[in-house]
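Text of the file structure.tsv, holding TSV, C-alpha atoms:
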chain	number	residue	atom	x	y	z
A	1320	MET	CA	109.75	73.05	83.80
A	1321	MET	CA	107.99	74.73	80.88
A	1322	TRP	CA	104.57	74.24	82.53
A	1323	ARG	CA	105.88	75.78	85.71
A	1324	CYS	CA	107.06	78.87	83.78
A	1325	LEU	CA	103.71	79.13	82.01
A	1326	ARG	CA	101.83	78.87	85.31
A	1327	MET	CA	104.05	81.51	86.91
A	1328	THR	CA	103.60	83.83	83.91
A	1329	ALA	CA	99.82	83.33	83.94
A	1330	PHE	CA	99.73	83.99	87.68
A	1331	TRP	CA	101.79	87.17	87.25
A	1332	VAL	CA	99.56	88.45	84.40
A	1333	LEU	CA	96.43	87.72	86.43
A	1334	THR	CA	97.88	89.54	89.43
A	1335	VAL	CA	98.68	92.62	87.33
A	1336	VAL	CA	95.17	92.64	85.81
A	1337	VAL	CA	93.55	92.41	89.27
A	1338	LEU	CA	95.75	95.20	90.66
A	1339	VAL	CA	94.98	97.48	87.72
A	1340	ALA	CA	91.25	96.79	88.07
A	1341	CYS	CA	91.34	97.53	91.81
A	1342	SER	CA	93.27	100.77	91.39
A	1343	ALA	CA	90.92	101.93	88.64
A	1344	GLN	CA	87.96	101.63	91.02
A	1345	SER	CA	89.45	104.21	93.37
A	1346	GLU	CA	89.65	106.90	90.67
A	1347	PRO	CA	86.61	109.03	89.84
A	1348	THR	CA	84.73	108.22	86.66
A	1349	ALA	CA	84.62	110.79	83.82
A	1350	THR	CA	81.26	112.09	85.04
A	1351	PHE	CA	79.66	112.41	88.47
A	1352	ASP	CA	78.15	109.07	89.54
A	1353	PRO	CA	75.32	109.85	91.98
A	1354	GLU	CA	75.15	106.19	93.06
A	1355	ASN	CA	78.84	105.94	94.07
A	1356	GLN	CA	79.11	106.69	97.80
A	1357	LYS	CA	82.74	107.82	97.40
A	1358	GLU	CA	81.42	110.79	95.38
A	1359	TYR	CA	80.01	112.08	98.67
A	1360	GLY	CA	83.17	112.85	100.57
A	1361	VAL	CA	86.18	115.04	101.17
A	1362	ASN	CA	89.89	114.37	101.82
A	1363	GLY	CA	89.49	110.62	101.36
A	1364	ILE	CA	86.55	110.16	103.74
A	1365	TYR	CA	83.08	109.45	102.39
A	1366	LEU	CA	79.54	108.60	103.44
A	1367	GLY	CA	79.05	105.01	104.57
A	1368	GLN	CA	82.67	104.69	105.67
A	1369	ASN	CA	83.50	103.36	109.15
A	1370	ILE	CA	84.30	106.20	111.54
A	1371	LYS	CA	87.61	104.63	112.66
A	1372	GLU	CA	88.88	104.44	109.09
A	1373	ALA	CA	87.75	108.03	108.44
A	1374	MET	CA	89.52	109.35	111.55
A	1375	ASP	CA	92.70	107.47	110.62
A	1376	ILE	CA	92.62	109.25	107.23
A	1377	LEU	CA	91.75	112.76	108.52
A	1378	LYS	CA	93.94	112.73	111.62
A	1379	PRO	CA	92.11	115.64	113.29
A	1380	THR	CA	93.95	117.61	115.94
A	1381	LYS	CA	90.77	117.56	118.04
A	1382	ALA	CA	87.56	115.54	117.85
A	1383	ASP	CA	84.54	115.50	120.17
A	1384	PHE	CA	81.53	113.23	119.66
A	1385	MET	CA	78.16	113.44	121.41
A	1386	ASP	CA	74.81	111.74	120.87
A	1387	MET	CA	72.34	114.40	119.72
A	1388	VAL	CA	69.51	112.95	121.84
A	1389	THR	CA	71.08	111.53	125.01
A	1390	ARG	CA	74.10	113.91	125.16
A	1391	GLN	CA	76.32	110.90	125.87
A	1392	SER	CA	79.94	111.26	124.74
A	1393	TYR	CA	81.45	108.60	122.49
A	1394	THR	CA	84.96	107.61	121.53
A	1395	VAL	CA	85.92	106.69	117.99
A	1396	GLU	CA	86.47	103.10	119.12
A	1397	GLN	CA	82.97	102.88	120.62
A	1398	MET	CA	81.38	104.23	117.45
A	1399	ALA	CA	83.51	101.98	115.23
A	1400	GLN	CA	81.93	99.06	117.08
A	1401	GLY	CA	78.43	100.40	116.25
A	1402	ALA	CA	77.62	102.40	119.39
A	1403	GLY	CA	75.47	105.50	119.03
A	1404	ASP	CA	72.38	106.14	116.94
A	1405	ALA	CA	72.66	109.88	116.30
A	1406	VAL	CA	76.18	111.04	117.07
A	1407	MET	CA	77.44	114.44	115.97
A	1408	GLY	CA	81.16	115.08	115.79
A	1409	MET	CA	83.03	118.37	115.81
A	1410	LEU	CA	86.51	117.95	114.36
A	1411	LEU	CA	89.37	120.37	114.08
A	1412	VAL	CA	91.51	119.61	111.03
A	1413	ASP	CA	94.39	122.07	110.97
A	1414	GLN	CA	92.59	125.43	111.38
A	1415	THR	CA	89.28	124.20	109.98
A	1416	GLN	CA	86.23	122.91	111.79
A	1417	MET	CA	84.43	119.98	110.19
A	1418	MET	CA	81.14	118.51	111.38
A	1419	ILE	CA	80.17	114.90	110.83
A	1420	LYS	CA	77.28	112.66	111.83
A	1421	VAL	CA	77.71	108.99	112.65
A	1422	HIS	CA	75.06	106.28	112.86
A	1423	LYS	CA	75.98	102.77	113.96
A	1424	GLY	CA	79.66	103.35	113.22
A	1425	GLU	CA	79.24	104.81	109.70
A	1426	LEU	CA	79.49	108.38	108.44
A	1427	THR	CA	76.07	109.68	107.46
A	1428	SER	CA	76.87	113.38	107.02
A	1429	ILE	CA	79.95	115.49	106.31
A	1430	MET	CA	79.74	119.28	106.54
A	1431	LEU	CA	82.50	121.74	105.78
A	1432	GLY	CA	82.48	125.52	105.67
A	1433	GLY	CA	84.37	128.46	107.09
A	1434	VAL	CA	87.67	127.22	105.73
A	1435	PRO	CA	90.43	129.83	105.96
A	1436	SER	CA	91.42	130.90	102.43
A	1437	GLU	CA	95.02	129.79	102.99
A	1438	ASP	CA	93.74	126.24	103.67
A	1439	ALA	CA	91.33	126.07	100.71
A	1440	GLN	CA	93.41	123.60	98.69
A	1441	LYS	CA	93.70	121.24	101.67
A	1442	PHE	CA	90.03	120.28	101.44
A	1443	LYS	CA	89.09	118.57	98.20
A	1444	THR	CA	86.20	116.36	97.22
A	1445	TYR	CA	86.58	112.98	95.53
A	1446	ARG	CA	86.39	114.77	92.16
A	1447	GLY	CA	89.07	117.29	93.16
A	1448	LEU	CA	86.82	120.29	93.88
A	1449	ALA	CA	88.51	122.54	96.43
A	1450	MET	CA	86.97	125.08	98.73
A	1451	PHE	CA	86.65	128.47	96.95
A	1452	ASP	CA	86.76	126.91	93.49
A	1453	SER	CA	84.48	128.67	91.00
A	1454	ALA	CA	80.92	127.73	90.12
A	1455	ARG	CA	82.25	126.93	86.65
A	1456	GLN	CA	84.72	124.41	88.15
A	1457	LEU	CA	81.87	122.85	90.18
A	1458	GLU	CA	79.82	122.37	87.01
A	1459	LYS	CA	82.85	121.07	85.09
A	1460	LEU	CA	83.53	118.40	87.73
A	1461	TYR	CA	79.95	117.50	88.72
A	1462	GLY	CA	77.77	118.53	85.80
A	1463	LYS	CA	74.69	120.73	86.01
A	1464	GLY	CA	73.04	120.58	89.43
A	1465	LYS	CA	69.74	121.88	90.75
A	1466	GLY	CA	69.74	125.42	92.12
A	1467	GLU	CA	71.90	128.50	91.80
A	1468	GLN	CA	73.17	129.62	95.23
A	1469	GLU	CA	72.83	126.14	96.70
A	1470	VAL	CA	73.62	123.57	94.04
A	1471	VAL	CA	72.27	120.08	94.73
A	1472	TYR	CA	73.28	116.70	93.29
A	1473	GLU	CA	71.25	113.69	94.25
A	1474	GLY	CA	71.44	109.93	93.98
A	1475	SER	CA	69.02	107.34	95.34
A	1476	ASN	CA	70.87	107.07	98.70
A	1477	TYR	CA	72.94	110.26	99.01
A	1478	ILE	CA	72.69	113.99	98.41
A	1479	ALA	CA	75.39	116.65	97.94
A	1480	ASN	CA	74.86	120.38	98.54
A	1481	PHE	CA	77.37	123.03	97.50
A	1482	GLY	CA	76.90	126.62	98.68
A	1483	LEU	CA	78.04	129.40	96.35
A	1484	VAL	CA	78.98	132.89	97.55
A	1485	ASP	CA	80.29	135.40	95.01
A	1486	ASN	CA	80.41	132.60	92.42
A	1487	GLN	CA	82.76	130.47	94.59
A	1488	VAL	CA	82.19	127.28	96.59
A	1489	ALA	CA	81.98	128.51	100.21
A	1490	TRP	CA	80.68	125.32	101.87
A	1491	PHE	CA	79.52	121.83	101.09
A	1492	ARG	CA	77.56	119.10	102.77
A	1493	PHE	CA	77.13	115.43	101.96
A	1494	ASP	CA	74.24	113.49	103.54
A	1495	ARG	CA	72.81	110.00	103.46
A	1496	LYS	CA	69.09	110.16	102.71
A	1497	SER	CA	66.72	108.97	105.39
A	1498	SER	CA	65.19	105.62	104.65
For this file, write the structure as C-alpha coordinates.
Amino acid sequence: MMWRCLRMTAFWVLTVVVLVACSAQSEPTATFDPENQKEYGVNGIYLGQNIKEAMDILKPTKADFMDMVTRQSYTVEQMAQGAGDAVMGMLLVDQTQMMIKVHKGELTSIMLGGVPSEDAQKFKTYRGLAMFDSARQLEKLYGKGKGEQEVVYEGSNYIANFGLVDNQVAWFRFDRKSS
(Lines of atoms letter the chains of each structure in order from A and count residues from 1; the text may use other names and numbers.)
(Lines give C-alpha, C1' and ligand atoms only; values in the text may rest on other atoms or scores of the structure.)
Protein backbone atom coordinates (compact mmCIF):
# COMPACT_ATOMS: atom_id res chain seq x y z
CA MET A 1 0.00 0.00 0.00
CA MET A 2 2.82 2.40 0.87
CA TRP A 3 4.55 1.74 -2.48
CA ARG A 4 1.32 2.44 -4.29
CA CYS A 5 1.00 5.81 -2.50
CA LEU A 6 4.62 6.66 -3.32
CA ARG A 7 4.11 5.77 -6.99
CA MET A 8 0.94 7.85 -7.17
CA THR A 9 2.67 10.81 -5.50
CA ALA A 10 5.66 10.53 -7.84
CA PHE A 11 3.34 10.33 -10.84
CA TRP A 12 1.41 13.40 -9.65
CA VAL A 13 4.63 15.42 -9.07
CA LEU A 14 5.95 14.42 -12.50
CA THR A 15 2.67 15.43 -14.13
CA VAL A 16 2.75 18.86 -12.46
CA VAL A 17 6.38 19.41 -13.52
CA VAL A 18 5.58 18.51 -17.15
CA LEU A 19 2.51 20.77 -17.21
CA VAL A 20 4.47 23.70 -15.77
CA ALA A 21 7.26 23.17 -18.31
CA CYS A 22 4.79 23.02 -21.20
CA SER A 23 2.94 26.16 -20.12
CA ALA A 24 6.21 28.05 -19.67
CA GLN A 25 7.10 27.38 -23.31
CA SER A 26 4.05 29.28 -24.52
CA GLU A 27 5.03 32.49 -22.72
CA PRO A 28 7.48 34.92 -24.31
CA THR A 29 11.02 34.97 -22.97
CA ALA A 30 12.34 38.11 -21.24
CA THR A 31 13.96 39.29 -24.48
CA PHE A 32 13.05 38.91 -28.14
CA ASP A 33 14.19 35.51 -29.44
CA PRO A 34 14.75 35.87 -33.20
CA GLU A 35 14.91 32.08 -33.62
CA ASN A 36 11.50 31.40 -32.02
CA GLN A 37 8.88 31.26 -34.79
CA LYS A 38 6.11 32.25 -32.35
CA GLU A 39 7.80 35.67 -32.06
CA TYR A 40 6.65 36.26 -35.64
CA GLY A 41 2.91 36.40 -35.21
CA VAL A 42 -0.19 38.21 -34.06
CA ASN A 43 -3.32 37.21 -32.11
CA GLY A 44 -2.03 33.69 -31.49
CA ILE A 45 -1.12 32.87 -35.10
CA TYR A 46 2.51 32.68 -36.17
CA LEU A 47 4.77 31.81 -39.08
CA GLY A 48 5.13 28.10 -39.75
CA GLN A 49 1.73 27.33 -38.24
CA ASN A 50 -0.77 25.20 -40.19
CA ILE A 51 -3.38 27.37 -41.90
CA LYS A 52 -6.32 25.40 -40.44
CA GLU A 53 -5.10 25.96 -36.89
CA ALA A 54 -4.50 29.66 -37.62
CA MET A 55 -8.01 30.14 -39.05
CA ASP A 56 -9.54 28.34 -36.06
CA ILE A 57 -7.76 30.85 -33.79
CA LEU A 58 -8.52 34.01 -35.81
CA LYS A 59 -12.09 33.16 -36.78
CA PRO A 60 -12.23 35.71 -39.62
CA THR A 61 -15.63 36.92 -40.76
CA LYS A 62 -14.45 36.57 -44.36
CA ALA A 63 -11.47 34.84 -45.96
CA ASP A 64 -10.54 34.44 -49.64
CA PHE A 65 -7.48 32.52 -50.83
CA MET A 66 -5.98 32.52 -54.32
CA ASP A 67 -2.75 31.18 -55.79
CA MET A 68 -0.63 34.17 -56.85
CA VAL A 69 0.53 32.43 -60.05
CA THR A 70 -2.34 30.25 -61.28
CA ARG A 71 -5.21 32.36 -59.81
CA GLN A 72 -6.79 29.14 -58.53
CA SER A 73 -8.97 29.54 -55.42
CA TYR A 74 -8.27 27.38 -52.38
CA THR A 75 -10.22 26.44 -49.29
CA VAL A 76 -8.64 26.29 -45.85
CA GLU A 77 -9.08 22.52 -45.86
CA GLN A 78 -7.24 22.16 -49.19
CA MET A 79 -4.34 24.28 -47.97
CA ALA A 80 -4.22 22.48 -44.61
CA GLN A 81 -3.57 19.30 -46.61
CA GLY A 82 -0.62 21.00 -48.38
CA ALA A 83 -2.27 22.28 -51.57
CA GLY A 84 -0.97 25.50 -53.09
CA ASP A 85 2.56 26.76 -53.54
CA ALA A 86 2.04 30.53 -53.41
CA VAL A 87 -1.36 31.28 -51.93
CA MET A 88 -2.31 34.77 -50.78
CA GLY A 89 -5.19 35.21 -48.37
CA MET A 90 -7.26 38.30 -47.67
CA LEU A 91 -8.99 38.03 -44.31
CA LEU A 92 -11.48 40.28 -42.63
CA VAL A 93 -11.14 40.12 -38.85
CA ASP A 94 -13.79 42.36 -37.32
CA GLN A 95 -13.28 45.63 -39.25
CA THR A 96 -9.64 44.94 -40.10
CA GLN A 97 -8.14 43.45 -43.23
CA MET A 98 -5.23 41.07 -42.73
CA MET A 99 -3.14 39.55 -45.51
CA ILE A 100 -1.38 36.23 -45.20
CA LYS A 101 0.66 33.98 -47.47
CA VAL A 102 0.51 30.21 -47.31
CA HIS A 103 2.95 27.68 -48.76
CA LYS A 104 2.22 23.96 -48.52
CA GLY A 105 -0.28 24.49 -45.71
CA GLU A 106 1.91 26.72 -43.51
CA LEU A 107 1.81 30.47 -42.88
CA THR A 108 4.81 32.15 -44.49
CA SER A 109 3.77 35.80 -44.17
CA ILE A 110 1.42 37.84 -41.99
CA MET A 111 0.73 41.49 -42.82
CA LEU A 112 -1.39 43.89 -40.84
CA GLY A 113 -2.02 47.60 -41.31
CA GLY A 114 -4.89 50.02 -41.61
CA VAL A 115 -6.38 48.94 -38.31
CA PRO A 116 -9.14 51.27 -37.10
CA SER A 117 -7.96 53.05 -33.94
CA GLU A 118 -10.88 51.64 -31.93
CA ASP A 119 -9.64 48.11 -32.76
CA ALA A 120 -5.95 48.75 -32.01
CA GLN A 121 -5.87 46.69 -28.81
CA LYS A 122 -7.46 43.71 -30.55
CA PHE A 123 -4.30 43.03 -32.57
CA LYS A 124 -1.29 42.16 -30.45
CA THR A 125 1.95 40.39 -31.23
CA TYR A 126 3.32 37.47 -29.23
CA ARG A 127 5.17 39.99 -27.03
CA GLY A 128 2.03 42.06 -26.45
CA LEU A 129 2.76 44.94 -28.84
CA ALA A 130 -0.51 46.45 -30.04
CA MET A 131 -1.19 48.48 -33.12
CA PHE A 132 -0.49 52.20 -32.45
CA ASP A 133 1.81 51.46 -29.52
CA SER A 134 4.75 53.87 -29.31
CA ALA A 135 8.22 53.36 -30.77
CA ARG A 136 9.44 53.30 -27.16
CA GLN A 137 7.10 50.36 -26.39
CA LEU A 138 8.35 48.55 -29.52
CA GLU A 139 11.95 48.92 -28.33
CA LYS A 140 11.02 47.92 -24.77
CA LEU A 141 9.39 44.68 -25.98
CA TYR A 142 11.72 43.79 -28.87
CA GLY A 143 14.99 45.57 -28.18
CA LYS A 144 16.82 47.84 -30.59
CA GLY A 145 16.05 47.01 -34.22
CA LYS A 146 17.56 48.16 -37.49
CA GLY A 147 16.07 51.30 -39.04
CA GLU A 148 14.02 54.25 -37.86
CA GLN A 149 10.74 54.48 -39.82
CA GLU A 150 10.76 50.78 -40.67
CA VAL A 151 12.25 48.84 -37.78
CA VAL A 152 13.53 45.37 -38.67
CA TYR A 153 14.25 42.35 -36.45
CA GLU A 154 15.80 39.32 -38.05
CA GLY A 155 16.52 35.71 -37.19
CA SER A 156 18.05 33.02 -39.40
CA ASN A 157 14.63 31.90 -40.74
CA TYR A 158 12.25 34.81 -40.12
CA ILE A 159 12.11 38.59 -40.34
CA ALA A 160 9.80 41.13 -38.66
CA ASN A 161 9.16 44.64 -39.97
CA PHE A 162 7.36 47.32 -37.97
CA GLY A 163 6.33 50.57 -39.67
CA LEU A 164 6.34 53.73 -37.57
CA VAL A 165 4.23 56.80 -38.38
CA ASP A 166 4.30 59.74 -35.97
CA ASN A 167 6.30 57.60 -33.53
CA GLN A 168 3.57 54.91 -33.39
CA VAL A 169 3.39 51.38 -34.82
CA ALA A 170 1.13 51.77 -37.88
CA TRP A 171 1.72 48.37 -39.52
CA PHE A 172 3.73 45.21 -39.17
CA ARG A 173 4.74 42.29 -41.30
CA PHE A 174 6.25 38.93 -40.44
CA ASP A 175 7.89 36.85 -43.20
CA ARG A 176 9.69 33.55 -43.55
CA LYS A 177 12.99 34.09 -45.35
CA SER A 178 13.42 32.46 -48.73
CA SER A 179 15.68 29.45 -48.66
Please provide as an mmCIF file with C-alpha atoms, keeping the file's coordinate frame all residues within 7 Å of segment 1456-1461 of chain A, with the sequence filter that same-chain residues fewer than 2 positions apart are discarded (counting all atoms listed in the file).
data_model
loop_
_atom_site.group_PDB
_atom_site.id
_atom_site.type_symbol
_atom_site.label_atom_id
_atom_site.label_comp_id
_atom_site.auth_asym_id
_atom_site.auth_seq_id
_atom_site.Cartn_x
_atom_site.Cartn_y
_atom_site.Cartn_z
ATOM 1 C CA THR A 1350 81.260 112.090 85.040
ATOM 2 C CA PHE A 1351 79.660 112.410 88.470
ATOM 3 C CA ARG A 1446 86.390 114.770 92.160
ATOM 4 C CA LEU A 1448 86.820 120.290 93.880
ATOM 5 C CA ASP A 1452 86.760 126.910 93.490
ATOM 6 C CA SER A 1453 84.480 128.670 91.000
ATOM 7 C CA ALA A 1454 80.920 127.730 90.120
ATOM 8 C CA LYS A 1463 74.690 120.730 86.010
#
At most 8 Å is the cut-off: for each residue in segment 1334-1404 of chain A with any atom that close to an atom of segment 1474-1486 of chain A, write down the nearest atom pair and the distance in Å rounded to one decimal, counting all atoms listed in the file, chain first then increasing number, as CSV.
residue,atom,partner,partner_atom,distance
A:Pro1353,CA,A:Gly1474,CA,4.4
A:Glu1354,CA,A:Gly1474,CA,5.3
A:Gln1356,CA,A:Tyr1477,CA,7.2
A:Tyr1359,CA,A:Ala1479,CA,6.5
| field | Nearest residue to Ile1364 of chain A from the set A:Glu1346, A:Asp1404, A:Val1395, A:Ser1428 (distances using only C-alpha atoms) | value | A:Ser1428
| request: Find the residues near segment 1412-1421 of chain A: any atom within 9 Å, counting only C-alpha atoms, skip ones fewer than 3 places away on the same chain, and give them as a PyMOL selection string. | output: chain A and resi 1369-1370+1377-1382+1384+1398+1403-1409+1424-1435+1438+1494
| Option closest in space to Ser1436 of chain A, from A:Phe1451, A:His1422, A:Gln1368, A:Pro1347 [counting only C-alpha atoms] |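 Ranked by minimum distance to Ser1436 of chain A, first place goes to A:Phe1451.
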| query | What gap, in Å, lies between atom CA of Met1450 of chain A and atom CA of Gly1367 of chain A? | reply | 22.4 Å
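Proximity of A:Ala1402, A:Ala1489, A:Ala1439, A:Met1374 to Asp1386 of chain A, computed with all atoms listed in the file, is greatest for A:Ala1402.
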| A:Ser1392, A:Glu1467, A:Glu1473, A:Gly1447: which is nearest Gln1487 of chain A, counting all atoms listed in the file? |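 Of A:Ser1392, A:Glu1467, A:Glu1473, A:Gly1447, the one nearest Gln1487 of chain A, counting all atoms listed in the file, is A:Glu1467.
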| Residues at most 7 Å from Lys1357 of chain A, counting only C-alpha atoms, excluding those fewer than 6 positions away in the same chain, as number ranges by chain? | A: 1365-1366, 1445
| task | Give me, please, the distance in Å between atom CA of Phe1493 of chain A and atom CA of Gly1401 of chain A, quoted to one decimal. | result |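 Atom CA of Phe1493 of chain A sits 20.8 Å away from atom CA of Gly1401 of chain A.
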| task | Please indicate the distance in Å from atom CA of Lys1441 of chain A to atom CA of Glu1358 of chain A, rounded to one decimal place. | result |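 Between atom CA of Lys1441 of chain A and atom CA of Glu1358 of chain A the gap is 17.3 Å.
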